[in-house]
>>> print(open('coords-v4.cif').read())   # mmCIF, C-alpha atoms
data_my_file
loop_
_atom_site.group_PDB
_atom_site.id
_atom_site.type_symbol
_atom_site.label_atom_id
_atom_site.label_comp_id
_atom_site.auth_asym_id
_atom_site.auth_seq_id
_atom_site.Cartn_x
_atom_site.Cartn_y
_atom_site.Cartn_z
ATOM 1 C CA MET A 1 100.368 100.931 113.585
ATOM 2 C CA SER A 2 103.486 98.817 113.925
ATOM 3 C CA SER A 3 106.864 100.443 113.522
ATOM 4 C CA ALA A 4 108.411 97.184 112.289
ATOM 5 C CA VAL A 5 109.458 96.953 108.657
ATOM 6 C CA VAL A 6 106.673 95.615 106.446
ATOM 7 C CA PRO A 7 107.974 92.528 104.623
ATOM 8 C CA PRO A 8 107.829 92.588 100.813
ATOM 9 C CA VAL A 9 104.937 90.176 100.494
ATOM 10 C CA GLY A 10 104.680 90.399 96.706
ATOM 11 C CA ALA A 11 108.379 89.671 96.214
ATOM 12 C CA ARG A 12 108.153 86.604 98.440
ATOM 13 C CA ILE A 13 105.118 85.321 96.575
ATOM 14 C CA ARG A 14 106.953 85.788 93.284
ATOM 15 C CA GLN A 15 110.029 83.993 94.631
ATOM 16 C CA ALA A 16 107.931 81.044 95.816
ATOM 17 C CA ARG A 17 106.176 80.881 92.447
ATOM 18 C CA LEU A 18 109.469 80.876 90.532
ATOM 19 C CA GLU A 19 110.950 78.248 92.859
ATOM 20 C CA ARG A 20 108.107 75.948 91.816
ATOM 21 C CA GLY A 21 108.365 76.760 88.131
ATOM 22 C CA THR A 22 104.789 78.027 88.059
ATOM 23 C CA SER A 23 103.949 80.696 85.514
ATOM 24 C CA LEU A 24 102.098 83.817 86.537
ATOM 25 C CA ARG A 25 99.140 82.871 84.345
ATOM 26 C CA ALA A 26 99.044 79.330 85.738
ATOM 27 C CA LEU A 27 98.920 80.622 89.312
ATOM 28 C CA ALA A 28 96.200 83.112 88.408
ATOM 29 C CA ARG A 29 94.157 80.399 86.704
ATOM 30 C CA GLU A 30 94.569 78.064 89.696
ATOM 31 C CA ILE A 31 93.263 80.579 92.231
ATOM 32 C CA GLY A 32 90.600 82.075 89.977
ATOM 33 C CA VAL A 33 91.878 85.645 89.545
ATOM 34 C CA SER A 34 93.353 87.596 86.644
ATOM 35 C CA ALA A 35 97.041 87.372 85.743
ATOM 36 C CA SER A 36 97.081 91.158 85.970
ATOM 37 C CA LEU A 37 96.055 91.029 89.639
ATOM 38 C CA VAL A 38 98.765 88.477 90.474
ATOM 39 C CA SER A 39 101.317 90.663 88.702
ATOM 40 C CA GLN A 40 100.189 93.730 90.660
ATOM 41 C CA ILE A 41 100.440 91.789 93.929
ATOM 42 C CA GLU A 42 103.946 90.558 93.096
ATOM 43 C CA THR A 43 105.153 94.036 92.180
ATOM 44 C CA GLY A 44 103.597 95.627 95.253
ATOM 45 C CA LYS A 45 101.096 97.713 93.307
ATOM 46 C CA SER A 46 98.187 95.878 94.931
ATOM 47 C CA GLN A 47 97.663 93.971 98.157
ATOM 48 C CA PRO A 48 95.815 90.630 98.230
ATOM 49 C CA SER A 49 92.619 90.120 100.172
ATOM 50 C CA VAL A 50 92.683 87.574 103.006
ATOM 51 C CA SER A 51 90.979 84.970 100.811
ATOM 52 C CA THR A 52 93.351 85.589 97.878
ATOM 53 C CA LEU A 53 96.365 85.399 100.197
ATOM 54 C CA TYR A 54 95.253 82.029 101.536
ATOM 55 C CA ALA A 55 94.540 80.795 97.994
ATOM 56 C CA ILE A 56 98.032 81.817 96.832
ATOM 57 C CA THR A 57 99.879 80.289 99.787
ATOM 58 C CA THR A 58 97.852 77.076 99.565
ATOM 59 C CA THR A 59 98.507 76.723 95.833
ATOM 60 C CA LEU A 60 102.239 77.431 96.210
ATOM 61 C CA GLY A 61 102.548 75.150 99.237
ATOM 62 C CA ILE A 62 103.891 77.820 101.572
ATOM 63 C CA SER A 63 102.580 79.082 104.907
ATOM 64 C CA VAL A 64 101.163 82.519 105.601
ATOM 65 C CA GLU A 65 103.717 82.588 108.422
ATOM 66 C CA SER A 66 106.560 82.496 105.903
ATOM 67 C CA LEU A 67 105.487 85.852 104.457
ATOM 68 C CA PHE A 68 106.512 87.512 107.709
ATOM 69 C CA ASP A 69 110.085 86.175 107.425
ATOM 70 C CA ALA A 70 112.196 89.210 106.581
ATOM 71 C CA ARG A 71 115.473 87.306 106.170
ATOM 72 C CA GLU A 72 117.247 87.064 102.831
ATOM 73 C CA THR A 73 117.417 83.263 103.063
ATOM 74 C CA VAL A 74 114.335 82.930 100.863
ATOM 75 C CA ARG A 75 116.326 84.342 97.949
ATOM 76 C CA GLU A 76 119.223 81.968 98.500
ATOM 77 C CA ALA A 77 117.426 78.643 98.763
ATOM 78 C CA GLY A 78 114.152 76.952 98.008
ATOM 79 C CA VAL A 79 111.270 78.040 100.210
ATOM 80 C CA PRO A 80 110.983 74.665 102.047
ATOM 81 C CA GLN A 81 114.686 74.782 102.978
ATOM 82 C CA ALA A 82 114.396 78.418 104.008
ATOM 83 C CA LEU A 83 111.391 77.737 106.210
ATOM 84 C CA ALA A 84 113.100 74.743 107.792
ATOM 85 C CA ALA A 85 116.110 76.899 108.613
ATOM 86 C CA PHE A 86 113.805 79.610 109.897
ATOM 87 C CA ALA A 87 111.979 77.202 112.193
ATOM 88 C CA GLY A 88 115.202 75.715 113.497
ATOM 89 C CA ASP A 89 116.866 79.040 114.308
ATOM 90 C CA PRO A 90 116.276 79.988 117.971
ATOM 91 C CA GLY A 91 117.251 83.557 117.080
ATOM 92 C CA ARG A 92 114.120 83.864 114.976
ATOM 93 C CA ARG A 93 111.813 83.259 117.920
ATOM 94 C CA ILE A 94 109.373 86.167 118.166
ATOM 95 C CA GLY A 95 109.026 86.801 121.882
ATOM 96 C CA PRO A 96 108.608 85.845 124.639
ATOM 97 C CA LEU A 97 107.793 89.558 124.831
ATOM 98 C CA VAL A 98 106.773 91.557 121.758
ATOM 99 C CA GLY A 99 106.353 95.287 122.350
ATOM 100 C CA SER A 100 103.463 97.144 120.755
ATOM 101 C CA GLY A 101 105.898 99.073 118.562
ATOM 102 C CA GLY A 102 107.810 96.020 117.380
ATOM 103 C CA ARG A 103 105.120 93.929 115.726
ATOM 104 C CA GLU A 104 105.561 92.877 112.099
ATOM 105 C CA THR A 105 102.604 93.849 109.952
ATOM 106 C CA LEU A 106 100.837 92.696 106.804
ATOM 107 C CA GLU A 107 98.340 95.139 105.314
ATOM 108 C CA LEU A 108 95.913 93.324 103.050
ATOM 109 C CA ASP A 109 93.335 94.453 100.540
ATOM 110 C CA SER A 110 89.783 95.397 101.585
ATOM 111 C CA GLY A 111 90.842 97.126 104.803
ATOM 112 C CA VAL A 112 92.336 94.231 106.763
ATOM 113 C CA VAL A 113 95.559 94.424 108.782
ATOM 114 C CA TRP A 114 97.388 91.512 110.435
ATOM 115 C CA GLU A 115 100.024 92.101 113.114
ATOM 116 C CA ARG A 116 102.109 89.164 114.304
ATOM 117 C CA LEU A 117 101.981 88.863 118.101
ATOM 118 C CA GLY A 118 104.600 86.166 118.494
ATOM 119 C CA ARG A 119 106.087 82.989 117.149
ATOM 120 C CA VAL A 120 107.594 79.819 118.590
ATOM 121 C CA PRO A 121 109.925 78.133 116.055
ATOM 122 C CA GLY A 122 108.497 74.882 114.754
ATOM 123 C CA ALA A 123 104.937 75.608 115.903
ATOM 124 C CA GLU A 124 102.265 75.368 113.220
ATOM 125 C CA ALA A 125 100.286 78.441 114.178
ATOM 126 C CA ASP A 126 99.483 82.027 113.256
ATOM 127 C CA PHE A 127 99.107 84.291 116.327
ATOM 128 C CA LEU A 128 97.704 87.602 115.122
ATOM 129 C CA LEU A 129 96.135 90.895 116.100
ATOM 130 C CA VAL A 130 93.595 91.454 113.331
ATOM 131 C CA THR A 131 91.977 94.782 112.435
ATOM 132 C CA TYR A 132 89.029 95.119 110.057
ATOM 133 C CA ARG A 133 88.578 98.757 109.156
ATOM 134 C CA PRO A 134 85.023 100.055 108.520
ATOM 135 C CA GLY A 135 83.793 98.318 105.371
ATOM 136 C CA GLY A 136 86.669 95.829 105.553
ATOM 137 C CA SER A 137 86.157 92.197 104.566
ATOM 138 C CA SER A 138 88.256 89.053 104.388
ATOM 139 C CA SER A 139 87.138 88.659 100.775
ATOM 140 C CA GLY A 140 87.074 91.578 98.354
ATOM 141 C CA SER A 141 84.862 89.579 95.990
ATOM 142 C CA GLY A 142 82.408 88.629 98.723
ATOM 143 C CA ASN A 143 83.107 84.920 98.232
ATOM 144 C CA LEU A 144 83.560 82.618 101.203
ATOM 145 C CA MET A 145 87.056 81.257 101.816
ATOM 146 C CA ARG A 146 88.390 78.035 103.279
ATOM 147 C CA HIS A 147 91.848 76.875 104.306
ATOM 148 C CA ALA A 148 93.538 74.303 106.503
ATOM 149 C CA GLY A 149 93.705 74.650 110.280
ATOM 150 C CA THR A 150 91.477 75.411 113.244
ATOM 151 C CA GLU A 151 90.526 79.025 113.852
ATOM 152 C CA TYR A 152 90.077 80.732 117.209
ATOM 153 C CA GLY A 153 89.162 84.414 117.504
ATOM 154 C CA TYR A 154 88.374 86.882 120.290
ATOM 155 C CA LEU A 155 86.981 90.306 119.438
ATOM 156 C CA THR A 156 88.250 93.082 121.703
ATOM 157 C CA SER A 157 86.434 96.050 120.135
ATOM 158 C CA GLY A 158 83.958 96.895 117.399
ATOM 159 C CA GLU A 159 81.616 94.456 115.652
ATOM 160 C CA LEU A 160 82.321 91.823 113.034
ATOM 161 C CA VAL A 161 79.906 89.752 110.960
ATOM 162 C CA LEU A 162 80.998 86.143 110.448
ATOM 163 C CA THR A 163 79.430 84.075 107.685
ATOM 164 C CA LEU A 164 80.140 80.430 108.495
ATOM 165 C CA GLY A 165 78.707 77.922 106.086
ATOM 166 C CA PHE A 166 74.992 78.742 105.853
ATOM 167 C CA GLU A 167 74.899 80.651 109.144
ATOM 168 C CA GLU A 168 75.658 84.288 109.946
ATOM 169 C CA TYR A 169 76.827 85.552 113.334
ATOM 170 C CA THR A 170 77.466 89.041 114.712
ATOM 171 C CA LEU A 171 80.527 89.215 116.949
ATOM 172 C CA ARG A 172 80.666 92.002 119.511
ATOM 173 C CA ALA A 173 83.448 93.004 121.881
ATOM 174 C CA GLY A 174 84.007 90.128 124.294
ATOM 175 C CA ASP A 175 82.655 87.454 121.929
ATOM 176 C CA SER A 176 84.801 84.579 120.708
ATOM 177 C CA VAL A 177 84.587 82.052 117.884
ATOM 178 C CA CYS A 178 86.215 78.741 117.029
ATOM 179 C CA PHE A 179 85.727 76.470 114.020
ATOM 180 C CA GLU A 180 87.513 74.317 111.483
ATOM 181 C CA SER A 181 88.905 76.670 108.846
ATOM 182 C CA THR A 182 87.954 74.210 106.089
ATOM 183 C CA THR A 183 84.359 75.400 106.662
ATOM 184 C CA PRO A 184 83.593 78.137 104.101
ATOM 185 C CA HIS A 185 83.661 81.478 105.923
ATOM 186 C CA ARG A 186 84.003 85.237 105.587
ATOM 187 C CA TYR A 187 84.416 88.154 107.990
ATOM 188 C CA ARG A 188 83.209 91.688 107.317
ATOM 189 C CA ASN A 189 82.911 94.920 109.260
ATOM 190 C CA ASP A 190 79.622 96.675 108.546
ATOM 191 C CA GLY A 191 80.166 99.204 111.331
ATOM 192 C CA GLU A 192 81.665 102.688 111.443
ATOM 193 C CA VAL A 193 84.574 101.868 113.768
ATOM 194 C CA PRO A 194 87.422 99.342 113.368
ATOM 195 C CA ALA A 195 86.797 95.807 114.575
ATOM 196 C CA VAL A 196 89.873 94.521 116.409
ATOM 197 C CA GLY A 197 90.576 91.079 117.800
ATOM 198 C CA VAL A 198 93.134 88.414 118.576
ATOM 199 C CA TRP A 199 93.158 85.475 116.169
ATOM 200 C CA PHE A 200 94.924 82.130 116.447
ATOM 201 C CA VAL A 201 94.959 79.654 113.563
ATOM 202 C CA SER A 202 96.488 76.335 114.605
ATOM 203 C CA GLY A 203 97.322 73.135 112.782
ATOM 204 C CA ASP A 204 98.553 72.787 109.203
ATOM 205 C CA VAL A 205 98.234 76.411 108.115
ATOM 206 C CA GLN A 206 100.017 75.932 104.772
#
>>> encode(input="coords-v4.cif", output="structure tokens")
Amino acid sequence: MSSAVVPPVGARIRQARLERGTSLRALAREIGVSASLVSQIETGKSQPSVSTLYAITTTLGISVESLFDARETVREAGVPQALAAFAGDPGRRIGPLVGSGGRETLELDSGVVWERLGRVPGAEADFLLVTYRPGGSSSGSGNLMRHAGTEYGYLTSGELVLTLGFEEYTLRAGDSVCFESTTPHRYRNDGEVPAVGVWFVSGDVQ
């Protein structure tokens, strides 16, 4: 796994929530989870599922991308100002070459790991290496998720089941998918080996 420092996701979520004057209970009510779970996520005692992460970032008006920003700017200014500074700083470009040992990583609940493969400042996109461990799912509750953007994925190894609307597809190594992320969807790994692929979510990913 990546040797890069894992950013304190819970602390950044808490900071964004406080910047907006949203109470912990109000955020929990808005995204349909318990206040206890939100508290555990903010304190680092629990990791959010993919669907919960998207629900939190959408409700707080921040991007998933911003959770990878390890700079202290987020503590010093409002999140919008911090992200604007982040996007406008050429020094924060991730790439053009990112070594396998230098990728920033987010480990989510339900056996899902995201590794950031690169970033061009100002671009509205998530460029990720995604791993679903055996039994892993994008939604711990089994519910379908939806978020802004267009999703492109290419599976390099393993198998992954995609539920998209009322249809279900089995992705095998070499298969690719693309769809509007506003369509209710869920990924899960029913196999005995990790499912690994490259994912690209473009457009307004906030």
>>> resolve_selection(input="coords-v4.cif", expression="the PyMOL selection byres ((chain A and resi 134-139) around 7)", output="PDB file with C-alpha atoms, in the frame of the given file")
ATOM      1  CA  SER A  49      92.619  90.120 100.172  1.00  0.00           C
ATOM      2  CA  VAL A  50      92.683  87.574 103.006  1.00  0.00           C
ATOM      3  CA  SER A  51      90.979  84.970 100.811  1.00  0.00           C
ATOM      4  CA  SER A 110      89.783  95.397 101.585  1.00  0.00           C
ATOM      5  CA  GLY A 111      90.842  97.126 104.803  1.00  0.00           C
ATOM      6  CA  VAL A 112      92.336  94.231 106.763  1.00  0.00           C
ATOM      7  CA  TYR A 132      89.029  95.119 110.057  1.00  0.00           C
ATOM      8  CA  ARG A 133      88.578  98.757 109.156  1.00  0.00           C
ATOM      9  CA  GLY A 140      87.074  91.578  98.354  1.00  0.00           C
ATOM     10  CA  SER A 141      84.862  89.579  95.990  1.00  0.00           C
ATOM     11  CA  GLY A 142      82.408  88.629  98.723  1.00  0.00           C
ATOM     12  CA  ASN A 143      83.107  84.920  98.232  1.00  0.00           C
ATOM     13  CA  ARG A 186      84.003  85.237 105.587  1.00  0.00           C
ATOM     14  CA  TYR A 187      84.416  88.154 107.990  1.00  0.00           C
ATOM     15  CA  ARG A 188      83.209  91.688 107.317  1.00  0.00           C
ATOM     16  CA  ASN A 189      82.911  94.920 109.260  1.00  0.00           C
ATOM     17  CA  ASP A 190      79.622  96.675 108.546  1.00  0.00           C
ATOM     18  CA  GLY A 191      80.166  99.204 111.331  1.00  0.00           C
ATOM     19  CA  GLU A 192      81.665 102.688 111.443  1.00  0.00           C
ATOM     20  CA  VAL A 193      84.574 101.868 113.768  1.00  0.00           C
ATOM     21  CA  PRO A 194      87.422  99.342 113.368  1.00  0.00           C
TER      22      PRO A 194
END
>>> closest_residue(input="coords-v4.cif", among="A:Glu30, A:Thr59, A:Gly10, A:Leu18", to="Lys45 in chain A", atoms="all atoms listed in the file")
A:Gly10
>>> residues_around(input="coords-v4.cif", residues="Ala123 in chain A", least_positions_apart="2", cutoff="9 Å", atoms="only C-alpha atoms", output="ChimeraX atom specification")
/A:87,119-121,125-126,202-203
>>> write_last_selection(input="coords-v4.cif", atoms="C-alpha atoms", output="mmCIF file, in the frame of the given file")
data_model
loop_
_atom_site.group_PDB
_atom_site.id
_atom_site.type_symbol
_atom_site.label_atom_id
_atom_site.label_comp_id
_atom_site.auth_asym_id
_atom_site.auth_seq_id
_atom_site.Cartn_x
_atom_site.Cartn_y
_atom_site.Cartn_z
ATOM 1 C CA ALA A 87 111.979 77.202 112.193
ATOM 2 C CA ARG A 119 106.087 82.989 117.149
ATOM 3 C CA VAL A 120 107.594 79.819 118.590
ATOM 4 C CA PRO A 121 109.925 78.133 116.055
ATOM 5 C CA ALA A 125 100.286 78.441 114.178
ATOM 6 C CA ASP A 126 99.483 82.027 113.256
ATOM 7 C CA SER A 202 96.488 76.335 114.605
ATOM 8 C CA GLY A 203 97.322 73.135 112.782
#
>>> atom_distance(input="coords-v4.cif", atom1="CA of Pro184 in chain A", atom2="CA of Gly118 in chain A")
26.7 Å
>>> resolve_selection(input="coords-v4.cif", expression="the PyMOL selection byres ((chain A and resi 128) around 9)", output="list in words")
Trp114, Glu115, Arg116, Leu117, Gly118, Asp126, Phe127, Leu129, Val130, Gly197, Val198, Trp199, Phe200 and Val201 of chain A
>>> closest_residue(input="coords-v4.cif", among="A:Glu167, A:Ala16, A:Pro96, A:Leu162", to="Thr58 in chain A", atoms="only C-alpha atoms")
A:Ala16
>>> atom_distance(input="coords-v4.cif", atom1="CA of Ser176 in chain A", atom2="CA of Ser63 in chain A")
24.4 Å
>>> residues_around(input="coords-v4.cif", residues="Thr22 in chain A", least_positions_apart="6", cutoff="12 Å", atoms="all atoms listed in the file", output="PDB file with C-alpha atoms, keeping the file's coordinate frame")
ATOM      1  CA  ILE A  13     105.118  85.321  96.575  1.00  0.00           C
ATOM      2  CA  ARG A  14     106.953  85.788  93.284  1.00  0.00           C
ATOM      3  CA  GLN A  15     110.029  83.993  94.631  1.00  0.00           C
ATOM      4  CA  ALA A  16     107.931  81.044  95.816  1.00  0.00           C
ATOM      5  CA  ALA A  28      96.200  83.112  88.408  1.00  0.00           C
ATOM      6  CA  ARG A  29      94.157  80.399  86.704  1.00  0.00           C
ATOM      7  CA  GLU A  30      94.569  78.064  89.696  1.00  0.00           C
ATOM      8  CA  ILE A  56      98.032  81.817  96.832  1.00  0.00           C
ATOM      9  CA  THR A  59      98.507  76.723  95.833  1.00  0.00           C
ATOM     10  CA  LEU A  60     102.239  77.431  96.210  1.00  0.00           C
ATOM     11  CA  GLY A  61     102.548  75.150  99.237  1.00  0.00           C
TER      12      GLY A  61
END
>>> atom_distance(input="coords-v4.cif", atom1="CA of Glu107 in chain A", atom2="CA of Ala35 in chain A")
21.1 Å
>>> axis_aligned_box(input="coords-v4.cif", around="range 44-55 of chain A", padding_each_side="8 Å", output="JSON")
{"center_x": 97.3, "center_y": 89.3, "center_z": 98.2, "size_x": 28.6, "size_y": 32.9, "size_z": 25.7}
>>> closest_residue(input="coords-v4.cif", among="A:Thr170, A:Thr163, A:Gln40, A:Ser181", to="Glu151 in chain A", atoms="all atoms listed in the file")
A:Ser181
>>> resolve_selection(input="coords-v4.cif", expression="the PyMOL selection byres ((chain A and resi 177) around 8)", output="VMD selection string")
chain A and resid 151 to 154 175 to 176 178 to 179
>>> closest_residue(input="coords-v4.cif", among="A:Ala195, A:Tyr169, A:Thr57, A:Ser36", to="Arg17 in chain A", atoms="all atoms listed in the file")
A:Thr57
>>> closest_residue(input="coords-v4.cif", among="A:Val161, A:Leu97, A:Met145, A:Val113", to="Thr52 in chain A", atoms="all atoms listed in the file")
A:Met145
>>> closest_residue(input="coords-v4.cif", among="A:Val9, A:Val64, A:Val196, A:Leu155", to="Arg172 in chain A", atoms="all atoms listed in the file")
A:Leu155
